[in-house]
Amino acid sequence: MKSSLRAVVCALLLAGAGGAMAAGNPLSVELQTAATKGAPGESVLWQVTNRGDEAVYVLRWETPLDGLSRSMFDVSINGKPVRYMDKIVHWGHPDADDFVKIAPGQTLSAEVNLAASYEMVDTGNYTVSFGGQLSYMITTNEKSGHVEDLGDVSIDADAISLYSVGRSPTYYQRLGALGSAPDFTKAGTYANCSSSQQTQFGSAHTNAKTYSANAAAYMNAGTTGSRYTTWFGAYTSSRYTTVKSHFNLINNALINQTITYDCYCTPSAASAYAYVYANQPYIIHLCGAFWTAPATGTDSKAGTIIHEMSHFTVNGGTADNAYGQTAAKRLATKTPAKAVQNADNHEYFSENTPALN
């Protein structure tokens, strides 16, 4: 960590009665209806307020301030959850520049067109709530440099009701689809990739196949050594079966399906590793961090492919519940049910660096 950054990392629990602030916790979140960016009934106004007396720096990725990079809201109609259909972005370890400052008493807001990202096809009243995770730090100096550790903040906001006329199912079927035909190669297919990018991609696809084959073999053998427990927690037959299914599906897809590597990355995710749309198998968008990652090992190109493959609904539909080895290990220890549904845990299990039995 650079010497100019002095952060006090805070672990909080923020309860959501009206977004009210619990004692000692500076942040609160509130939802309101809004309609200026989309059709009436499609948008919500998300607001985060710093009620403390010190500036707070919040990780932008975990807010909708730059748009959605994963599911941040719970949306349902008549008690039935509505699927998130937009991109799921694989971020790396955050630098201080990835945080946004919220001054004491300041409120930041973002208007979110929910129907653009959630499968709101029916006409009716939707229930919307925010039950997200925010990572933040309080600093007394100007922020800069690499952030070593972060606390996890569980923060809720009261649910609101939103009436929508609904969108056509075709809209969601096309969300994330390629706009042009890909170029076929031995590694799968490329879209929007220069010849130098294709060369730089190198053996990433082959290495990912090696990782997936090894992971599937480990699980199919019924092994429950430290490699499994480190990344997926204490053994239970149901959780083990889930992980085993994921890796077999990923391995079979890498062997038998056409994987398309799209070198176009939306500007808001330029610094990320990659992203996918879970219901658009098997298109993987490659972003800035991917190209500088090592071929194999921790946070590698090959591991990134495993991470992204696990997100596809047909392979188990993992989420991004935590990023990084430290957070992934903590997830396996404290909430293994979330670990078996976390993409980074699948990546680190497959990379197996340092090697575990």
# chains A, B, ... in the order shown; residues from 1 in each chain; ligands from 1

call {"tool": "select_by_dssp", "arguments": {"residues": "segment 178-317 of chain A", "states": "helix (DSSP H, G or I)", "output": "PyMOL selection string"}}
result
chain A and resi 195-201+204-220+226-232+237-256+267-269+288-292+301-311+313-315

call {"tool": "residues_around", "arguments": {"residues": "Trp91 of chain A", "least_positions_apart": "3", "cutoff": "8 Å", "atoms": "only C-alpha atoms", "output": "list in words"}}
result
Pro94, Ser271, Ala272, Tyr273, Ala274 and Tyr323 of chain A

call {"tool": "closest_atom_pairs", "arguments": {"of": "segment 86-140 of chain A", "to": "segment 167-181 of chain A", "cutoff": "9 Å", "atoms": "only C-alpha atoms", "output": "tab-separated table"}}
result
residue	atom	partner	partner_atom	distance
A:Asp86	CA	A:Leu175	CA	7.0
A:Lys87	CA	A:Gly176	CA	7.4
A:Ala115	CA	A:Arg167	CA	7.2
A:Ala116	CA	A:Tyr172	CA	8.3
A:Ser117	CA	A:Tyr172	CA	8.2
A:Tyr118	CA	A:Tyr172	CA	8.3
A:Glu119	CA	A:Tyr172	CA	6.6
A:Met120	CA	A:Arg167	CA	6.1
A:Val121	CA	A:Arg167	CA	4.7
A:Asp122	CA	A:Arg167	CA	7.3
A:Thr123	CA	A:Arg167	CA	8.4

call {"tool": "write_last_selection", "arguments": {"atoms": "C-alpha atoms", "output": "PDB file, in the first residue's frame"}}
result
ATOM      1  CA  ASP A  86     -27.491  -7.853 -17.855  1.00  0.00           C
ATOM      2  CA  LYS A  87     -23.706  -8.249 -17.789  1.00  0.00           C
ATOM      3  CA  ALA A 115     -36.399  -3.079 -17.024  1.00  0.00           C
ATOM      4  CA  ALA A 116     -33.238  -2.682 -19.092  1.00  0.00           C
ATOM      5  CA  SER A 117     -31.462  -5.254 -16.893  1.00  0.00           C
ATOM      6  CA  TYR A 118     -34.134  -7.382 -15.186  1.00  0.00           C
ATOM      7  CA  GLU A 119     -36.600  -9.587 -17.033  1.00  0.00           C
ATOM      8  CA  MET A 120     -39.705  -7.460 -16.486  1.00  0.00           C
ATOM      9  CA  VAL A 121     -41.984  -8.888 -19.181  1.00  0.00           C
ATOM     10  CA  ASP A 122     -45.287  -8.847 -17.283  1.00  0.00           C
ATOM     11  CA  THR A 123     -47.569  -5.890 -16.675  1.00  0.00           C
TER      12      THR A 123
END

call {"tool": "residues_around", "arguments": {"residues": "segment 49-65 of chain A", "least_positions_apart": "3", "cutoff": "7 Å", "atoms": "only C-alpha atoms", "output": "list in words"}}
result
Pro26, Leu27, Ser28, Val29, Leu68, Ser69, Asp98, Phe99, Val100, Lys101, Ile102, Ala103, Pro104, Gly105, Gln106, Thr107, Leu108, Ser109, Ala110, Gln133, Leu134, Ser135, Tyr136, Met137 and Ile138 of chain A

call {"tool": "closest_residue", "arguments": {"among": "A:Asn220, A:Ser164, A:Ser154, A:Asn192", "to": "Gly124 of chain A", "atoms": "only C-alpha atoms"}}
result
A:Ser164

call {"tool": "select_by_dssp", "arguments": {"residues": "segment 52-301 of chain A", "states": "strand (DSSP E)", "output": "ChimeraX atom specification"}}
result
/A:56-59,73-77,80-81,87-90,99-102,107-113,124-139,151-164,183-185,188-191,260-262,274-277,283-286

call {"tool": "closest_residue", "arguments": {"among": "A:Gly92, A:Gly188, A:Gly67, A:Gly202", "to": "Ile259 of chain A", "atoms": "only C-alpha atoms"}}
result
A:Gly188

call {"tool": "residues_around", "arguments": {"residues": "Asn342 of chain A", "least_positions_apart": "4", "cutoff": "8 Å", "atoms": "only C-alpha atoms", "output": "compact mmCIF listing (two decimals) with N, CA, C and O atoms, in the first residue's frame"}}
result
# COMPACT_ATOMS: atom_id res chain seq x y z
N THR A 318 -23.24 -19.12 -11.49
CA THR A 318 -22.64 -18.56 -10.28
C THR A 318 -22.78 -17.04 -10.26
O THR A 318 -23.02 -16.41 -11.28
N ALA A 319 -22.58 -16.47 -9.07
CA ALA A 319 -22.63 -15.03 -8.87
C ALA A 319 -21.25 -14.52 -8.51
O ALA A 319 -20.28 -15.28 -8.45
N ASP A 320 -21.14 -13.22 -8.28
CA ASP A 320 -19.92 -12.61 -7.75
C ASP A 320 -20.21 -12.15 -6.33
O ASP A 320 -20.49 -10.99 -6.08
N ASN A 321 -20.16 -13.10 -5.40
CA ASN A 321 -20.42 -12.80 -4.00
C ASN A 321 -19.19 -12.22 -3.30
O ASN A 321 -19.32 -11.56 -2.26
N ALA A 322 -18.00 -12.49 -3.83
CA ALA A 322 -16.76 -12.00 -3.24
C ALA A 322 -15.68 -12.06 -4.30
O ALA A 322 -15.70 -12.92 -5.19
N LYS A 338 -22.65 -19.81 -0.09
CA LYS A 338 -22.34 -18.76 -1.06
C LYS A 338 -21.05 -19.07 -1.81
O LYS A 338 -20.91 -18.69 -2.99
N HIS A 346 -14.56 -20.82 -7.76
CA HIS A 346 -14.34 -21.80 -8.84
C HIS A 346 -13.02 -21.52 -9.55
O HIS A 346 -12.28 -22.45 -9.89

call {"tool": "residues_around", "arguments": {"residues": "Thr258 of chain A", "least_positions_apart": "3", "cutoff": "10 Å", "atoms": "only C-alpha atoms", "output": "PyMOL selection string"}}
result
chain A and resi 184+187-189+253-255+261+281-283

call {"tool": "write_last_selection", "arguments": {"atoms": "all heavy atoms", "output": "PDB file, in the first residue's frame"}}
result
ATOM      1  N   PHE A 184     -13.777 -17.625 -36.883  1.00  0.00           N
ATOM      2  CA  PHE A 184     -13.453 -18.935 -36.327  1.00  0.00           C
ATOM      3  C   PHE A 184     -11.946 -19.147 -36.274  1.00  0.00           C
ATOM      4  O   PHE A 184     -11.212 -18.792 -37.188  1.00  0.00           O
ATOM      5  CB  PHE A 184     -14.112 -20.044 -37.155  1.00  0.00           C
ATOM      6  CG  PHE A 184     -15.581 -20.145 -36.915  1.00  0.00           C
ATOM      7  CD1 PHE A 184     -16.469 -19.370 -37.635  1.00  0.00           C
ATOM      8  CD2 PHE A 184     -16.081 -20.999 -35.940  1.00  0.00           C
ATOM      9  CE1 PHE A 184     -17.832 -19.445 -37.401  1.00  0.00           C
ATOM     10  CE2 PHE A 184     -17.446 -21.083 -35.703  1.00  0.00           C
ATOM     11  CZ  PHE A 184     -18.327 -20.308 -36.442  1.00  0.00           C
ATOM     12  N   ALA A 187      -8.911 -21.915 -31.374  1.00  0.00           N
ATOM     13  CA  ALA A 187      -9.195 -21.751 -29.955  1.00  0.00           C
ATOM     14  C   ALA A 187     -10.678 -21.543 -29.668  1.00  0.00           C
ATOM     15  O   ALA A 187     -11.081 -21.428 -28.531  1.00  0.00           O
ATOM     16  CB  ALA A 187      -8.411 -20.565 -29.403  1.00  0.00           C
ATOM     17  N   GLY A 188     -11.494 -21.498 -30.664  1.00  0.00           N
ATOM     18  CA  GLY A 188     -12.900 -21.184 -30.526  1.00  0.00           C
ATOM     19  C   GLY A 188     -13.229 -20.158 -31.585  1.00  0.00           C
ATOM     20  O   GLY A 188     -12.959 -20.367 -32.772  1.00  0.00           O
ATOM     21  N   THR A 189     -13.775 -19.025 -31.203  1.00  0.00           N
ATOM     22  CA  THR A 189     -14.017 -17.946 -32.150  1.00  0.00           C
ATOM     23  C   THR A 189     -13.649 -16.627 -31.487  1.00  0.00           C
ATOM     24  O   THR A 189     -13.655 -16.487 -30.269  1.00  0.00           O
ATOM     25  CB  THR A 189     -15.487 -17.897 -32.597  1.00  0.00           C
ATOM     26  OG1 THR A 189     -16.297 -17.522 -31.480  1.00  0.00           O
ATOM     27  CG2 THR A 189     -15.953 -19.220 -33.144  1.00  0.00           C
ATOM     28  N   ALA A 253     -18.520 -28.089 -21.739  1.00  0.00           N
ATOM     29  CA  ALA A 253     -18.727 -26.955 -22.643  1.00  0.00           C
ATOM     30  C   ALA A 253     -17.430 -26.559 -23.330  1.00  0.00           C
ATOM     31  O   ALA A 253     -17.412 -26.281 -24.541  1.00  0.00           O
ATOM     32  CB  ALA A 253     -19.306 -25.776 -21.870  1.00  0.00           C
ATOM     33  N   LEU A 254     -16.333 -26.522 -22.592  1.00  0.00           N
ATOM     34  CA  LEU A 254     -15.047 -26.159 -23.192  1.00  0.00           C
ATOM     35  C   LEU A 254     -14.596 -27.191 -24.218  1.00  0.00           C
ATOM     36  O   LEU A 254     -13.905 -26.864 -25.182  1.00  0.00           O
ATOM     37  CB  LEU A 254     -13.982 -26.001 -22.104  1.00  0.00           C
ATOM     38  CG  LEU A 254     -14.057 -24.702 -21.293  1.00  0.00           C
ATOM     39  CD1 LEU A 254     -13.132 -24.761 -20.089  1.00  0.00           C
ATOM     40  CD2 LEU A 254     -13.722 -23.488 -22.159  1.00  0.00           C
ATOM     41  N   ILE A 255     -15.001 -28.424 -24.033  1.00  0.00           N
ATOM     42  CA  ILE A 255     -14.643 -29.486 -24.989  1.00  0.00           C
ATOM     43  C   ILE A 255     -15.555 -29.482 -26.205  1.00  0.00           C
ATOM     44  O   ILE A 255     -15.096 -29.602 -27.350  1.00  0.00           O
ATOM     45  CB  ILE A 255     -14.698 -30.867 -24.303  1.00  0.00           C
ATOM     46  CG1 ILE A 255     -13.602 -30.986 -23.235  1.00  0.00           C
ATOM     47  CG2 ILE A 255     -14.537 -31.993 -25.330  1.00  0.00           C
ATOM     48  CD1 ILE A 255     -13.724 -32.237 -22.383  1.00  0.00           C
ATOM     49  N   TYR A 261     -14.718 -15.422 -27.883  1.00  0.00           N
ATOM     50  CA  TYR A 261     -13.999 -14.425 -27.099  1.00  0.00           C
ATOM     51  C   TYR A 261     -14.133 -13.083 -27.808  1.00  0.00           C
ATOM     52  O   TYR A 261     -13.585 -12.887 -28.892  1.00  0.00           O
ATOM     53  CB  TYR A 261     -12.536 -14.837 -26.937  1.00  0.00           C
ATOM     54  CG  TYR A 261     -12.405 -16.147 -26.191  1.00  0.00           C
ATOM     55  CD1 TYR A 261     -12.152 -17.339 -26.871  1.00  0.00           C
ATOM     56  CD2 TYR A 261     -12.567 -16.196 -24.810  1.00  0.00           C
ATOM     57  CE1 TYR A 261     -12.053 -18.547 -26.191  1.00  0.00           C
ATOM     58  CE2 TYR A 261     -12.466 -17.400 -24.122  1.00  0.00           C
ATOM     59  CZ  TYR A 261     -12.211 -18.570 -24.812  1.00  0.00           C
ATOM     60  OH  TYR A 261     -12.121 -19.759 -24.132  1.00  0.00           O
ATOM     61  N   PRO A 281     -24.715 -17.946 -23.550  1.00  0.00           N
ATOM     62  CA  PRO A 281     -23.539 -18.815 -23.685  1.00  0.00           C
ATOM     63  C   PRO A 281     -23.152 -18.911 -25.164  1.00  0.00           C
ATOM     64  O   PRO A 281     -24.029 -18.913 -26.035  1.00  0.00           O
ATOM     65  CB  PRO A 281     -24.031 -20.153 -23.159  1.00  0.00           C
ATOM     66  CG  PRO A 281     -25.510 -20.142 -23.429  1.00  0.00           C
ATOM     67  CD  PRO A 281     -25.932 -18.712 -23.270  1.00  0.00           C
ATOM     68  N   TYR A 282     -21.891 -18.992 -25.481  1.00  0.00           N
ATOM     69  CA  TYR A 282     -20.730 -18.906 -24.609  1.00  0.00           C
ATOM     70  C   TYR A 282     -19.895 -17.742 -25.103  1.00  0.00           C
ATOM     71  O   TYR A 282     -18.844 -17.912 -25.706  1.00  0.00           O
ATOM     72  CB  TYR A 282     -19.930 -20.209 -24.655  1.00  0.00           C
ATOM     73  CG  TYR A 282     -20.650 -21.373 -24.006  1.00  0.00           C
ATOM     74  CD1 TYR A 282     -21.377 -22.284 -24.751  1.00  0.00           C
ATOM     75  CD2 TYR A 282     -20.600 -21.521 -22.621  1.00  0.00           C
ATOM     76  CE1 TYR A 282     -22.035 -23.326 -24.137  1.00  0.00           C
ATOM     77  CE2 TYR A 282     -21.244 -22.574 -22.003  1.00  0.00           C
ATOM     78  CZ  TYR A 282     -21.978 -23.477 -22.771  1.00  0.00           C
ATOM     79  OH  TYR A 282     -22.638 -24.493 -22.160  1.00  0.00           O
ATOM     80  N   ILE A 283     -20.405 -16.517 -24.879  1.00  0.00           N
ATOM     81  CA  ILE A 283     -19.724 -15.297 -25.307  1.00  0.00           C
ATOM     82  C   ILE A 283     -19.041 -14.670 -24.094  1.00  0.00           C
ATOM     83  O   ILE A 283     -19.702 -14.344 -23.102  1.00  0.00           O
ATOM     84  CB  ILE A 283     -20.703 -14.292 -25.929  1.00  0.00           C
ATOM     85  CG1 ILE A 283     -21.476 -14.935 -27.092  1.00  0.00           C
ATOM     86  CG2 ILE A 283     -19.970 -13.045 -26.394  1.00  0.00           C
ATOM     87  CD1 ILE A 283     -22.674 -14.106 -27.559  1.00  0.00           C
TER      88      ILE A 283
END

call {"tool": "atom_distance", "arguments": {"atom1": "atom CA of Ser238 of chain A", "atom2": "atom CA of Asn214 of chain A"}}
result
21.0 Å

call {"tool": "atom_distance", "arguments": {"atom1": "atom CA of Ala213 of chain A", "atom2": "atom CA of Ala302 of chain A"}}
result
12.3 Å

call {"tool": "residues_around", "arguments": {"residues": "Asn352 of chain A", "least_positions_apart": "4", "cutoff": "8 Å", "atoms": "only C-alpha atoms", "output": "ChimeraX atom specification"}}
result
/A:227,297-298,348,356

call {"tool": "closest_residue", "arguments": {"among": "A:Ser203, A:Ala337, A:Ala191, A:Tyr218", "to": "Thr236 of chain A", "atoms": "only C-alpha atoms"}}
result
A:Ala337

call {"tool": "residues_around", "arguments": {"residues": "segment 328-332 of chain A", "least_positions_apart": "6", "cutoff": "7 Å", "atoms": "only C-alpha atoms", "output": "list of chain:residue names"}}
result
A:Thr230, A:Trp231, A:Phe232, A:Gly233, A:Ala322, A:Lys338, A:Ala339, A:Asp344, A:Asn345

call {"tool": "write_last_selection", "arguments": {"atoms": "N, CA, C and O atoms", "output": "PDB file, in the first residue's frame"}}
result
ATOM      1  N   THR A 230     -10.770 -25.568   1.299  1.00  0.00           N
ATOM      2  CA  THR A 230     -10.283 -24.184   1.286  1.00  0.00           C
ATOM      3  C   THR A 230     -11.187 -23.278   0.479  1.00  0.00           C
ATOM      4  O   THR A 230     -11.475 -22.146   0.869  1.00  0.00           O
ATOM      5  N   TRP A 231     -11.674 -23.785  -0.645  1.00  0.00           N
ATOM      6  CA  TRP A 231     -12.439 -22.932  -1.555  1.00  0.00           C
ATOM      7  C   TRP A 231     -13.943 -23.124  -1.458  1.00  0.00           C
ATOM      8  O   TRP A 231     -14.702 -22.233  -1.866  1.00  0.00           O
ATOM      9  N   PHE A 232     -14.391 -24.261  -0.922  1.00  0.00           N
ATOM     10  CA  PHE A 232     -15.834 -24.501  -0.856  1.00  0.00           C
ATOM     11  C   PHE A 232     -16.341 -24.863   0.531  1.00  0.00           C
ATOM     12  O   PHE A 232     -17.526 -25.109   0.709  1.00  0.00           O
ATOM     13  N   GLY A 233     -15.459 -24.875   1.506  1.00  0.00           N
ATOM     14  CA  GLY A 233     -15.899 -25.055   2.882  1.00  0.00           C
ATOM     15  C   GLY A 233     -16.087 -26.502   3.283  1.00  0.00           C
ATOM     16  O   GLY A 233     -15.734 -27.450   2.564  1.00  0.00           O
ATOM     17  N   ALA A 322     -18.004 -12.491  -3.828  1.00  0.00           N
ATOM     18  CA  ALA A 322     -16.762 -11.997  -3.243  1.00  0.00           C
ATOM     19  C   ALA A 322     -15.677 -12.059  -4.298  1.00  0.00           C
ATOM     20  O   ALA A 322     -15.705 -12.918  -5.193  1.00  0.00           O
ATOM     21  N   LYS A 338     -22.646 -19.810  -0.092  1.00  0.00           N
ATOM     22  CA  LYS A 338     -22.340 -18.762  -1.063  1.00  0.00           C
ATOM     23  C   LYS A 338     -21.052 -19.070  -1.815  1.00  0.00           C
ATOM     24  O   LYS A 338     -20.908 -18.687  -2.986  1.00  0.00           O
ATOM     25  N   ALA A 339     -20.128 -19.753  -1.165  1.00  0.00           N
ATOM     26  CA  ALA A 339     -18.866 -20.098  -1.825  1.00  0.00           C
ATOM     27  C   ALA A 339     -19.096 -21.011  -3.018  1.00  0.00           C
ATOM     28  O   ALA A 339     -18.454 -20.858  -4.064  1.00  0.00           O
ATOM     29  N   ASP A 344     -15.335 -16.627  -8.246  1.00  0.00           N
ATOM     30  CA  ASP A 344     -13.922 -16.597  -7.885  1.00  0.00           C
ATOM     31  C   ASP A 344     -13.491 -17.862  -7.160  1.00  0.00           C
ATOM     32  O   ASP A 344     -12.348 -18.309  -7.316  1.00  0.00           O
ATOM     33  N   ASN A 345     -14.374 -18.456  -6.356  1.00  0.00           N
ATOM     34  CA  ASN A 345     -14.018 -19.712  -5.690  1.00  0.00           C
ATOM     35  C   ASN A 345     -13.781 -20.815  -6.706  1.00  0.00           C
ATOM     36  O   ASN A 345     -12.873 -21.645  -6.544  1.00  0.00           O
TER      37      ASN A 345
END

call {"tool": "closest_atom_pairs", "arguments": {"of": "segment 28-124 of chain A", "to": "segment 306-316 of chain A", "cutoff": "12 Å", "atoms": "only C-alpha atoms", "output": "Markdown table"}}
result
| residue | atom | partner | partner_atom | distance |
| --- | --- | --- | --- | --- |
| A:Arg70 | CA | A:His311 | CA | 10.9 |
| A:Arg83 | CA | A:Thr313 | CA | 10.9 |
| A:Tyr84 | CA | A:Thr313 | CA | 11.1 |
| A:Met85 | CA | A:Thr313 | CA | 10.4 |
| A:Asp86 | CA | A:Phe312 | CA | 11.9 |
| A:Lys87 | CA | A:His311 | CA | 10.1 |
| A:Ile88 | CA | A:His311 | CA | 7.8 |
| A:Val89 | CA | A:Glu308 | CA | 8.9 |
| A:His90 | CA | A:Glu308 | CA | 7.7 |
| A:Trp91 | CA | A:His307 | CA | 11.1 |

call {"tool": "write_last_selection", "arguments": {"atoms": "N, CA, C and O atoms", "output": "PDB file, in the first residue's frame"}}
result
ATOM      1  N   ARG A  70     -23.493  -6.157 -12.067  1.00  0.00           N
ATOM      2  CA  ARG A  70     -24.008  -7.425 -11.549  1.00  0.00           C
ATOM      3  C   ARG A  70     -25.378  -7.121 -10.952  1.00  0.00           C
ATOM      4  O   ARG A  70     -25.806  -5.967 -10.886  1.00  0.00           O
ATOM      5  N   ARG A  83     -35.472 -12.463 -13.066  1.00  0.00           N
ATOM      6  CA  ARG A  83     -34.063 -12.732 -13.351  1.00  0.00           C
ATOM      7  C   ARG A  83     -33.303 -11.478 -13.774  1.00  0.00           C
ATOM      8  O   ARG A  83     -33.828 -10.633 -14.495  1.00  0.00           O
ATOM      9  N   TYR A  84     -32.061 -11.409 -13.320  1.00  0.00           N
ATOM     10  CA  TYR A  84     -31.128 -10.395 -13.806  1.00  0.00           C
ATOM     11  C   TYR A  84     -30.560 -10.886 -15.132  1.00  0.00           C
ATOM     12  O   TYR A  84     -30.065 -12.008 -15.236  1.00  0.00           O
ATOM     13  N   MET A  85     -30.617 -10.049 -16.172  1.00  0.00           N
ATOM     14  CA  MET A  85     -30.236 -10.465 -17.511  1.00  0.00           C
ATOM     15  C   MET A  85     -29.054  -9.688 -18.083  1.00  0.00           C
ATOM     16  O   MET A  85     -28.601  -9.980 -19.178  1.00  0.00           O
ATOM     17  N   ASP A  86     -28.553  -8.732 -17.351  1.00  0.00           N
ATOM     18  CA  ASP A  86     -27.491  -7.853 -17.855  1.00  0.00           C
ATOM     19  C   ASP A  86     -26.117  -8.471 -17.592  1.00  0.00           C
ATOM     20  O   ASP A  86     -25.998  -9.585 -17.079  1.00  0.00           O
ATOM     21  N   LYS A  87     -25.070  -7.729 -17.892  1.00  0.00           N
ATOM     22  CA  LYS A  87     -23.706  -8.249 -17.789  1.00  0.00           C
ATOM     23  C   LYS A  87     -23.291  -8.488 -16.336  1.00  0.00           C
ATOM     24  O   LYS A  87     -23.742  -7.792 -15.423  1.00  0.00           O
ATOM     25  N   ILE A  88     -22.410  -9.478 -16.147  1.00  0.00           N
ATOM     26  CA  ILE A  88     -21.791  -9.772 -14.858  1.00  0.00           C
ATOM     27  C   ILE A  88     -20.302  -9.538 -15.048  1.00  0.00           C
ATOM     28  O   ILE A  88     -19.637 -10.272 -15.780  1.00  0.00           O
ATOM     29  N   VAL A  89     -19.773  -8.504 -14.388  1.00  0.00           N
ATOM     30  CA  VAL A  89     -18.409  -8.070 -14.625  1.00  0.00           C
ATOM     31  C   VAL A  89     -17.464  -8.677 -13.596  1.00  0.00           C
ATOM     32  O   VAL A  89     -17.740  -8.674 -12.392  1.00  0.00           O
ATOM     33  N   HIS A  90     -16.340  -9.200 -14.076  1.00  0.00           N
ATOM     34  CA  HIS A  90     -15.293  -9.778 -13.223  1.00  0.00           C
ATOM     35  C   HIS A  90     -14.250  -8.699 -12.955  1.00  0.00           C
ATOM     36  O   HIS A  90     -13.370  -8.450 -13.768  1.00  0.00           O
ATOM     37  N   TRP A  91     -14.362  -8.061 -11.784  1.00  0.00           N
ATOM     38  CA  TRP A  91     -13.400  -7.042 -11.393  1.00  0.00           C
ATOM     39  C   TRP A  91     -12.194  -7.688 -10.735  1.00  0.00           C
ATOM     40  O   TRP A  91     -12.256  -8.797 -10.224  1.00  0.00           O
TER      41      TRP A  91
END

call {"tool": "atom_distance", "arguments": {"atom1": "atom CA of Tyr275 of chain A", "atom2": "atom CA of Gly324 of chain A"}}
result
16.1 Å
